[in-house]
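Here the structure comes first, spelled out in structure tokens, and everything after it is commentary.
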Amino acid sequence: MPIVDVHNLSKIYEGKVSTHALNHIRFAVEPGEFVGIMGPSGSGKTTLLNLIAGSDEPTSGEIVIAGRDPNTLSRNDKALFRRKELGFVFQHFNLLDTLTVEENIVLPLTLAGAPVAEMERRLHEVAARLEITPLLPKRTYEISGGQMQRVAIARALIHRPALILADEPTGNLDSRAADEIMQLLAGVNAEERATILMVTHDANSASFCNRVIFIKDGRFYNEMYRGASRAAFFQNIIDMLSLMGGAGHDVSAVRL
Amino acid sequence: MTFRQFAYRNVIRNKRKYAAYFVSSAFSVMIFFLCALFIYHPAISGEMILGTAANTMLAAEGIIFVFCSLFVLVSVGSFLQSRRTEFGILLMHGMTKRQLNTMVFLENMIIGSTAIVTGTLLGLLLGKLFLMIGSGFLGIEPLKFYLSWHAPVLTVCSFALLFMLISLSTFAFIGNESRGLFQGGRRGEEEPKVSGPLALASAVLLLAGYTLAATTSAATVERMMAPVVCITVLGTYLFYTQLGPYLVSLVRKVRRLYWRRTNIITFSGLSYRWKDNGRMFFMVTIVTAVSFTSVGVFASIHTLSRELQLDYPAAVGYVAKGGHGSYAAQTDLAGIAMELDRLQEPYATLTIPIKVAEVASQTGPDRTERLPLMAYSDYLQALKHAGFTPQEPPLEEGEGLVMIGSQRDRSLTADRVRAVYTLTQGIVIEETGYTGHVPIAEYLLPELDGRDGGDFSGIVVSDSLFAAVTPVQSDWYTGFYMENFERTVGIASELTEKGKVAYEKDSPYAVVVSGTLFEIQRTLYSTMLFASLLVGTVFFIAAGSFLYFRLYMDMDHDRLQYSTLSKMGLTETELNRTVTVQLALLFFVPVGLAVLHSVFAFIALQRLFYLSIVLETGAVLVGYLAAQGLYFFMIRSRYLRNLKKNLI
């Protein structure tokens with residue numbers, strides 16, 4: 001059974017000129033998959049992510065995550081659902097600057113009311129996995145962007161959610177840090193069998209995924225599976241992006 | 001876009017930021033204007049008794065003005081602080097320092113002049129209502145609305161001057177701030193530097209201040225006032241900058257408590273807030289404590305009116321001083337009697353001889369030279385006429401009771417050192433106690449020399465001793481006793497204008513008219529209460545404006561934080577609870593500490609009052625807390641609405 005099942009999803013933004021942000025999108029993500037979603041600006045990537053995260057309600061269609069449709073839940077239950085089933089990695093990290101690194105990481109467990117011993121055990125586990133143990137007592141302004149994103153990933157992993165949603169996780173990083181983060185995500189995906197759904201418009205980042213779904217103008221455009229070679233997959237993605245057209249500046253320069 | 005338009009838009013598009021500052025300034029202007037309206041009202045300024053009321057109001061004007069200067073200075077300073085990046089961008093794009101100063105000056109003047117105009121217009125609108133309330137407070141006929149040209153001119157001129165001077169002085173705050181721009185917008189949120197010893201010092205200082213205030217006695221309260229206030233103010237400052245963060249950092253170490261659901265957000269937010277807000281909290285606390293205490297004091301002073309009847313046993317008291325040759329005291333007395341007859345109230349007259357003896361030496365630190373003496377039987381007579389029951393047993397030879405001049409003296413008797421007097425003629429009189437009641441009102445007899453104040457005014461001695469004394473001067477006291485002493489307002493107006501001529505004055509007589517004194521005192525105290533309520537309200541609103549500005553500054557940060565949290569699954573109930581706890585701390589910690597400060601101030605002040613002031617001060621505190629609670633709920637709902645605007 002798929003973890004995420006998106007079925008005929010449509011979203012229309014009402015207004016003076018109503019926009020069809022998403023138009024009958026359908027796809028599924030199996031447990032342990034690492035799926036990238038690509039498309040030019042305005043293609044509906046962020047809308048899709050917001051709908052899956054339950055931050056926005058679809059006009060029609062349905063999303064089933066871990067057997068439940070968050071949109072049928074009450075506001076309160078939706079929050080509890082997100083707390084339990086979803087982990088988030090943001091482009092701007094969104095760490096809370098009032099907390100230390102370790103406090104940021106355990107936050108999801110704290111909100112859920114886990115016992116302190118359990119929190120500490122999982123904290124050390126995940127910190128060791130992401131190699132950020134020395135950073136734990138620091139404050140967020142003392143660490144670099146790449147380190148912040150590692151902390152954010154730790155925060156998204158610690159409560160073992162059914163699905164991790166990543167929104168341009170490398171958008172704010174230099175290419176070296178970006179590669180490290182992507183390798184980390186791919187590793188977490190391979191070793192911990194964590195299911196990741198990532199929105200990006202960076203071809204290099206997307207090449208770490210098992211599969212990339214392309215959308216354009218709110219419609220499903222194509223999808224590609226990765227073969228043995230990441231380099232070949234990267235080249236395919238670049239080709240696909242140029243085939244899709246879109247704004248040229250959206251496609252980042254080749255950097256291998 | 002001209003330069004002036006630029007300045008104008010800077011203000012108008014940031015109206016939310018300036019809202020509370022503007023409201024507070026306009027409110028102060030309005031109160032200032034209303035007070036001026038009151039002072040220059042012909043029915044107030046022309047009259048003798050109400051003239052003292054006008055003086056009180058004038059003092060209130062002064063306080064409001066000085067406070068406003070500080071308030072505007074601090075507010076403008078923090079506005080400028082919050083715009084450093086903006087100024088940096090402008091300077092980097094080639095704005096000269098001079099242009100920047102002009103811009104800031106224009107902006108300040110736009111807000112200032114709008115506040116002046118709004119405040120004055122509101123004052124005009126509410127003038128009649130205010131005069132009605134004011135006359136209600138003073139217990140006089142409702143005042144007619146009268147606009148003297150003085151009031152608006154005084155208001156507009158003084159506040160225009162204030163805003164202008166402060167805008168000019170803010171140029172010093174604006175530095176060359178274009179350096180920090182290239183480092184990006186990241187704020188270094190350093191943890192506050194907290195030292196254990198200083199945190200301890202804060203606790204010690206506060207405790208010391210409280211203990212001193214609680215243990216002070218009536219005699220020492222005046223001397224202790226300044227050091228206790230200094231200790232407490234310093235302790236408060238350290239409390240916010242050291243002890244508070246220190247306590248929070250202790251809590252953060254206890255994971256069982258700190259890592260518990262939303263506590264983690266609440267406490268971390270608290271220490272973050274504390275660092276930025278310590279100084280603001282400090283100001284709010286001090287300002288609130290001052291206004292609590294002053295309103296409380298003036299509400300309590302009212303209780304003194306209740307004591308008045310005890311302090312003035314005779315409705316009219318008259319002392320004819322000996323040694324003034326042929327002064328016709330009888331004519332004065334006859335005049336008073338005639339005026340009393342006209343009131344058609346029954347009254348009784350009593351005349352008592354007072355002997356003033358010369359003192360050769362006395363024990364103790366004081367040096368009394370002339371000692372007024374009264375016979376024991378005369379003392380009993382005086383009490384009987386006043387309707388008091390005497391409890392003192394007859395006196396032995398050589399014993400003397402010190403006469404208290406007012407009920408206030410009772411609180412001083414405990415600390416006063418009793419003296420033994422040796423008269424020049426060789427007689428020795430020892431103070432063995434104090435009279436239970438006031439036999440002769442204050443002002444009518446010379447006071448004993450005394451370091452600790454008080455109006456102790458002479459000695460009651462046994463009849464035989466009294467007879468044996470050869471006086472250097474013989475005075476005659478005459479009391480007119482009457483049930484409704486309030487009716488004696490304006491009696492003996494040829495002898496005294498303000499209801500009293502004290503013994504120390506260089507005149508052949510001393511006189512006290514309790515009705516007139518009562519009227520003057522009541523008017524004065526009512527005006528003081530009224531004025532302190534007005535000033536207290538100005539303080540209160542200014543403190544609220546500081547809080548508002550602080551919240552406004554943190555809004556963007558908080559919104560980002562809560563939107564992240566809500567994505568991570570913070571429910572709405574949890575969000576509401578966290579925000580409510582944080583805001584409640586922000587609102588009630590300073591006020592709570594201020595209440596604690598003023599409670600100890602009241603404990604110290606209670607020593608000065610013979611009657612209990614718990615009721616009055618309690619009412620003031622409850623009133624303030626209610627107002628603060630109302631303000632809290634208003635701000636909380638606004639804040640939550642703003643916070644949730646672009647949340648999921």
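Residue numbers start at 1 in each chain; chains themselves are named A, B, ... in the order of the structure tokens; ligands are numbered from 1 in the order shown.
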Which residues come within 8 Å of B:Phe267, counting only C-alpha atoms, excluding same-chain residues fewer than 2 positions away, as a PyMOL selection string? chain B and resi 248+252+258+263-265+269-271
Chain A contacts on chain B, only C-alpha atoms, 10 Å, as a short mmCIF file (atom, residue, chain, number, x, y, z; two decimals) with N, CA, C and O atoms, in the first residue's frame:
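Writing done, so here's iface03.cif:
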data_model
loop_
_atom_site.label_atom_id
_atom_site.label_comp_id
_atom_site.auth_asym_id
_atom_site.auth_seq_id
_atom_site.Cartn_x
_atom_site.Cartn_y
_atom_site.Cartn_z
N ARG B 186 20.95 38.69 9.43
CA ARG B 186 20.89 37.79 10.57
C ARG B 186 21.21 38.52 11.87
O ARG B 186 22.24 39.17 11.98
N ARG B 187 20.34 38.40 12.80
CA ARG B 187 20.57 39.03 14.09
C ARG B 187 21.32 38.06 14.98
O ARG B 187 20.98 36.89 15.04
N GLY B 188 22.34 38.54 15.60
CA GLY B 188 23.05 37.69 16.56
C GLY B 188 22.28 37.66 17.86
O GLY B 188 22.33 38.58 18.63
N GLU B 189 21.58 36.57 18.07
CA GLU B 189 20.76 36.49 19.29
C GLU B 189 21.59 35.96 20.44
O GLU B 189 21.43 34.82 20.85
N GLU B 190 22.49 36.77 20.92
CA GLU B 190 23.36 36.29 21.99
C GLU B 190 22.55 36.07 23.27
O GLU B 190 21.64 36.82 23.57
N GLU B 191 22.96 35.04 23.99
CA GLU B 191 22.36 34.82 25.31
C GLU B 191 22.76 35.98 26.22
O GLU B 191 23.87 36.48 26.13
N ARG B 255 15.19 19.31 32.67
CA ARG B 255 14.55 18.88 31.42
C ARG B 255 13.15 18.34 31.64
O ARG B 255 12.28 18.48 30.79
N ARG B 256 12.97 17.70 32.80
CA ARG B 256 11.66 17.12 33.05
C ARG B 256 10.56 18.18 32.98
O ARG B 256 9.45 17.92 32.57
N LEU B 257 10.93 19.39 33.38
CA LEU B 257 9.96 20.47 33.36
C LEU B 257 10.02 21.22 32.03
O LEU B 257 9.01 21.53 31.42
N TYR B 258 11.26 21.46 31.60
CA TYR B 258 11.45 22.32 30.44
C TYR B 258 11.07 21.61 29.14
O TYR B 258 10.44 22.21 28.26
N TRP B 259 11.44 20.32 29.03
CA TRP B 259 11.12 19.59 27.80
C TRP B 259 9.74 18.98 27.90
O TRP B 259 9.53 17.82 27.65
N ARG B 260 8.80 19.73 28.33
CA ARG B 260 7.49 19.18 28.51
C ARG B 260 6.52 19.96 27.65
O ARG B 260 6.23 21.11 27.92
N ARG B 261 6.08 19.35 26.58
CA ARG B 261 5.10 19.96 25.67
C ARG B 261 5.46 21.41 25.36
O ARG B 261 6.60 21.71 25.05
N THR B 262 4.51 22.32 25.52
CA THR B 262 4.78 23.67 25.04
C THR B 262 5.65 24.48 26.00
O THR B 262 6.01 25.61 25.67
N ASN B 263 6.00 23.92 27.15
CA ASN B 263 6.89 24.64 28.06
C ASN B 263 8.16 25.08 27.35
O ASN B 263 8.69 26.15 27.61
N ILE B 264 8.63 24.22 26.47
CA ILE B 264 9.89 24.49 25.80
C ILE B 264 9.80 25.80 25.00
O ILE B 264 10.73 26.60 24.99
N ILE B 265 8.67 26.02 24.38
CA ILE B 265 8.50 27.26 23.60
C ILE B 265 8.29 28.44 24.54
O ILE B 265 8.87 29.51 24.35
N THR B 266 7.47 28.23 25.55
CA THR B 266 7.16 29.33 26.46
C THR B 266 8.42 29.84 27.15
O THR B 266 8.70 31.03 27.14
N PHE B 267 9.18 28.91 27.73
CA PHE B 267 10.34 29.34 28.52
C PHE B 267 11.44 29.92 27.65
O PHE B 267 12.06 30.91 28.02
N SER B 268 11.66 29.30 26.47
CA SER B 268 12.73 29.84 25.64
C SER B 268 12.33 31.21 25.14
O SER B 268 13.16 32.12 25.08
N GLY B 269 11.04 31.37 24.80
CA GLY B 269 10.57 32.68 24.37
C GLY B 269 10.74 33.69 25.49
O GLY B 269 11.07 34.85 25.26
N LEU B 270 10.53 33.23 26.69
CA LEU B 270 10.63 34.10 27.85
C LEU B 270 12.04 34.64 28.00
O LEU B 270 12.25 35.85 28.16
N SER B 271 13.03 33.76 27.89
CA SER B 271 14.39 34.25 28.11
C SER B 271 14.82 35.12 26.93
O SER B 271 15.57 36.07 27.11
N TYR B 272 14.33 34.81 25.75
CA TYR B 272 14.62 35.65 24.59
C TYR B 272 14.04 37.04 24.79
O TYR B 272 14.68 38.06 24.60
N ARG B 273 12.78 37.07 25.23
CA ARG B 273 12.11 38.35 25.49
C ARG B 273 12.83 39.11 26.57
O ARG B 273 13.00 40.30 26.51
N HIS B 557 9.12 38.28 14.08
CA HIS B 557 9.85 37.12 14.60
C HIS B 557 8.88 36.06 15.09
O HIS B 557 8.98 34.88 14.75
N ASP B 558 7.91 36.49 15.88
CA ASP B 558 6.95 35.55 16.45
C ASP B 558 6.12 34.88 15.37
O ASP B 558 5.82 33.70 15.45
N LEU B 560 6.89 34.23 12.29
CA LEU B 560 7.70 33.22 11.61
C LEU B 560 7.80 31.97 12.47
O LEU B 560 7.62 30.84 12.02
N GLN B 561 8.08 32.20 13.75
CA GLN B 561 8.25 31.10 14.68
C GLN B 561 6.98 30.26 14.79
O GLN B 561 7.01 29.04 14.68
N TYR B 562 5.85 30.93 14.94
CA TYR B 562 4.62 30.18 15.11
C TYR B 562 4.16 29.53 13.82
O TYR B 562 3.48 28.51 13.84
N SER B 563 4.53 30.12 12.66
CA SER B 563 4.11 29.46 11.43
C SER B 563 4.91 28.16 11.26
O SER B 563 4.38 27.15 10.82
N THR B 564 6.20 28.18 11.64
CA THR B 564 6.97 26.94 11.62
C THR B 564 6.35 25.90 12.55
O THR B 564 6.14 24.75 12.18
N LEU B 565 6.06 26.35 13.76
CA LEU B 565 5.52 25.43 14.75
C LEU B 565 4.20 24.86 14.30
O LEU B 565 3.91 23.68 14.49
N SER B 566 3.40 25.69 13.68
CA SER B 566 2.09 25.20 13.30
C SER B 566 2.21 24.21 12.14
O SER B 566 1.45 23.26 12.06
N LYS B 567 3.20 24.40 11.27
CA LYS B 567 3.44 23.38 10.23
C LYS B 567 3.85 22.07 10.86
O LYS B 567 3.50 20.99 10.40
N MET B 568 4.62 22.18 11.96
CA MET B 568 5.08 20.96 12.62
C MET B 568 4.00 20.31 13.44
O MET B 568 4.23 19.25 14.03
N GLY B 569 2.83 20.93 13.51
CA GLY B 569 1.73 20.27 14.19
C GLY B 569 1.38 20.83 15.54
O GLY B 569 0.86 20.12 16.39
N LEU B 570 1.68 22.12 15.78
CA LEU B 570 1.22 22.76 17.01
C LEU B 570 -0.26 23.06 16.82
O LEU B 570 -0.64 23.74 15.87
N THR B 571 -1.11 22.57 17.71
CA THR B 571 -2.54 22.81 17.53
C THR B 571 -2.88 24.23 17.94
O THR B 571 -2.10 24.90 18.61
N GLU B 572 -4.07 24.66 17.53
CA GLU B 572 -4.47 26.03 17.81
C GLU B 572 -4.60 26.28 19.31
O GLU B 572 -4.23 27.33 19.82
N THR B 573 -5.13 25.28 20.01
CA THR B 573 -5.26 25.43 21.47
C THR B 573 -3.90 25.62 22.10
O THR B 573 -3.73 26.48 22.98
N GLU B 574 -2.93 24.81 21.66
CA GLU B 574 -1.59 24.92 22.23
C GLU B 574 -1.00 26.29 21.93
O GLU B 574 -0.37 26.91 22.79
N LEU B 647 -1.17 32.00 9.08
CA LEU B 647 -0.89 30.66 9.55
C LEU B 647 -1.78 29.70 8.77
O LEU B 647 -2.68 30.11 8.07
N ILE B 648 -1.48 28.41 8.93
CA ILE B 648 -2.28 27.41 8.22
C ILE B 648 -3.72 27.45 8.72
O ILE B 648 -3.93 27.42 9.92
#
Just checking: using only C-alpha atoms, which residue out of B:Leu250, B:Ala382, B:Leu343, B:Ala467 ends up closest to B:Val194? B:Leu250
Tell me which protein, DNA and RNA residues are within 9 Å of stretch 237-239 of chain A, counting only C-alpha atoms, leaving out same-chain ones fewer than 3 positions away, and put them as number ranges by chain. A: 203-204, 206-207, 212, 224, 232-234, 242-244, 251, 254
Residues near B:Thr293, anyone? I mean within 10 Å using only C-alpha atoms, not counting same-chain ones fewer than 4 positions away, as an mmCIF file with N, CA, C and O atoms, in the first residue's frame.
data_model
loop_
_atom_site.group_PDB
_atom_site.id
_atom_site.type_symbol
_atom_site.label_atom_id
_atom_site.label_comp_id
_atom_site.auth_asym_id
_atom_site.auth_seq_id
_atom_site.Cartn_x
_atom_site.Cartn_y
_atom_site.Cartn_z
ATOM 1 N N THR B 288 4.890 52.240 37.025
ATOM 2 C CA THR B 288 3.639 51.744 37.600
ATOM 3 C C THR B 288 3.674 51.838 39.122
ATOM 4 O O THR B 288 2.687 52.251 39.747
ATOM 5 N N ALA B 289 4.811 51.462 39.719
ATOM 6 C CA ALA B 289 4.892 51.500 41.179
ATOM 7 C C ALA B 289 4.708 52.931 41.676
ATOM 8 O O ALA B 289 3.991 53.168 42.659
ATOM 9 N N VAL B 297 -1.427 56.892 48.162
ATOM 10 C CA VAL B 297 -1.170 57.861 49.231
ATOM 11 C C VAL B 297 -2.274 58.902 49.273
ATOM 12 O O VAL B 297 -2.824 59.207 50.333
ATOM 13 N N PHE B 298 -2.622 59.423 48.103
ATOM 14 C CA PHE B 298 -3.609 60.491 48.125
ATOM 15 C C PHE B 298 -5.007 59.970 48.433
ATOM 16 O O PHE B 298 -5.831 60.694 48.977
ATOM 17 N N ALA B 299 -5.237 58.690 48.074
ATOM 18 C CA ALA B 299 -6.517 58.118 48.486
ATOM 19 C C ALA B 299 -6.527 57.959 50.002
ATOM 20 O O ALA B 299 -7.561 58.149 50.649
ATOM 21 N N SER B 532 -3.672 63.122 41.208
ATOM 22 C CA SER B 532 -2.826 61.932 41.141
ATOM 23 C C SER B 532 -3.492 60.843 40.305
ATOM 24 O O SER B 532 -2.819 60.058 39.632
ATOM 25 N N GLY B 536 -1.640 59.379 37.303
ATOM 26 C CA GLY B 536 -1.521 57.925 37.307
ATOM 27 C C GLY B 536 -2.016 57.330 35.999
ATOM 28 O O GLY B 536 -1.410 56.409 35.461
ATOM 29 N N ALA B 594 5.392 45.747 40.660
ATOM 30 C CA ALA B 594 5.033 47.113 41.062
ATOM 31 C C ALA B 594 4.051 47.070 42.224
ATOM 32 O O ALA B 594 4.161 47.853 43.173
ATOM 33 N N VAL B 595 3.098 46.145 42.167
ATOM 34 C CA VAL B 595 2.127 46.025 43.256
ATOM 35 C C VAL B 595 2.857 45.658 44.550
ATOM 36 O O VAL B 595 2.616 46.255 45.606
ATOM 37 N N HIS B 597 5.986 46.243 45.294
ATOM 38 C CA HIS B 597 6.697 47.448 45.745
ATOM 39 C C HIS B 597 5.759 48.371 46.502
ATOM 40 O O HIS B 597 6.075 48.870 47.574
ATOM 41 N N SER B 598 4.593 48.626 45.890
ATOM 42 C CA SER B 598 3.722 49.635 46.507
ATOM 43 C C SER B 598 3.117 49.095 47.791
ATOM 44 O O SER B 598 2.888 49.879 48.711
ATOM 45 N N VAL B 599 2.893 47.765 47.862
ATOM 46 C CA VAL B 599 2.358 47.225 49.115
ATOM 47 C C VAL B 599 3.331 47.521 50.256
ATOM 48 O O VAL B 599 2.935 47.986 51.324
ATOM 49 N N PHE B 600 4.629 47.325 49.985
ATOM 50 C CA PHE B 600 5.601 47.609 51.047
ATOM 51 C C PHE B 600 5.694 49.108 51.315
ATOM 52 O O PHE B 600 5.882 49.527 52.461
ATOM 53 N N ALA B 601 5.536 49.892 50.264
ATOM 54 C CA ALA B 601 5.514 51.349 50.480
ATOM 55 C C ALA B 601 4.340 51.713 51.379
ATOM 56 O O ALA B 601 4.465 52.537 52.292
ATOM 57 N N PHE B 602 3.202 51.062 51.144
ATOM 58 C CA PHE B 602 2.021 51.368 51.954
ATOM 59 C C PHE B 602 2.227 50.927 53.401
ATOM 60 O O PHE B 602 1.801 51.614 54.325
ATOM 61 N N LEU B 605 4.087 53.519 54.930
ATOM 62 C CA LEU B 605 3.286 54.740 55.085
ATOM 63 C C LEU B 605 2.240 54.603 56.185
ATOM 64 O O LEU B 605 1.878 55.584 56.835
ATOM 65 N N THR B 617 -6.022 51.915 49.772
ATOM 66 C CA THR B 617 -4.956 51.446 48.891
ATOM 67 C C THR B 617 -5.373 50.178 48.165
ATOM 68 O O THR B 617 -5.052 49.986 47.004
ATOM 69 N N VAL B 620 -7.344 51.075 45.176
ATOM 70 C CA VAL B 620 -6.505 51.592 44.094
ATOM 71 C C VAL B 620 -5.835 50.438 43.352
ATOM 72 O O VAL B 620 -5.861 50.371 42.122
ATOM 73 N N LEU B 621 -5.263 49.492 44.109
ATOM 74 C CA LEU B 621 -4.557 48.381 43.470
ATOM 75 C C LEU B 621 -5.508 47.528 42.640
ATOM 76 O O LEU B 621 -5.205 47.160 41.502
#
Shell of 10 Å around B:Leu126, only C-alpha atoms, local chain residues under 5 positions omitted, as an NGL selection string: :B and (30 or 34 or 120-121 or 131)
Give me, as a list in words, all polymer residues having an atom no more than 8 Å from B:Met528, counting only C-alpha atoms and skipping those fewer than 6 positions away in the same chain. Ala53, Thr56, Met57 and Phe298 of chain B
Put those residues in a file: N, CA and C atoms, as a tab-separated table (two decimals), in the first residue's frame.
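And here is the file that came out, part_4.tsv:
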chain	number	residue	atom	x	y	z
B	53	ALA	N	-6.34	74.35	45.31
B	53	ALA	CA	-6.62	73.28	44.36
B	53	ALA	C	-5.90	73.56	43.04
B	56	THR	N	-2.29	72.67	43.21
B	56	THR	CA	-2.07	71.23	43.09
B	56	THR	C	-2.10	70.80	41.63
B	57	MET	N	-3.10	71.32	40.92
B	57	MET	CA	-3.24	70.99	39.50
B	57	MET	C	-2.01	71.44	38.73
B	298	PHE	N	-2.62	59.42	48.10
B	298	PHE	CA	-3.61	60.49	48.12
B	298	PHE	C	-5.01	59.97	48.43
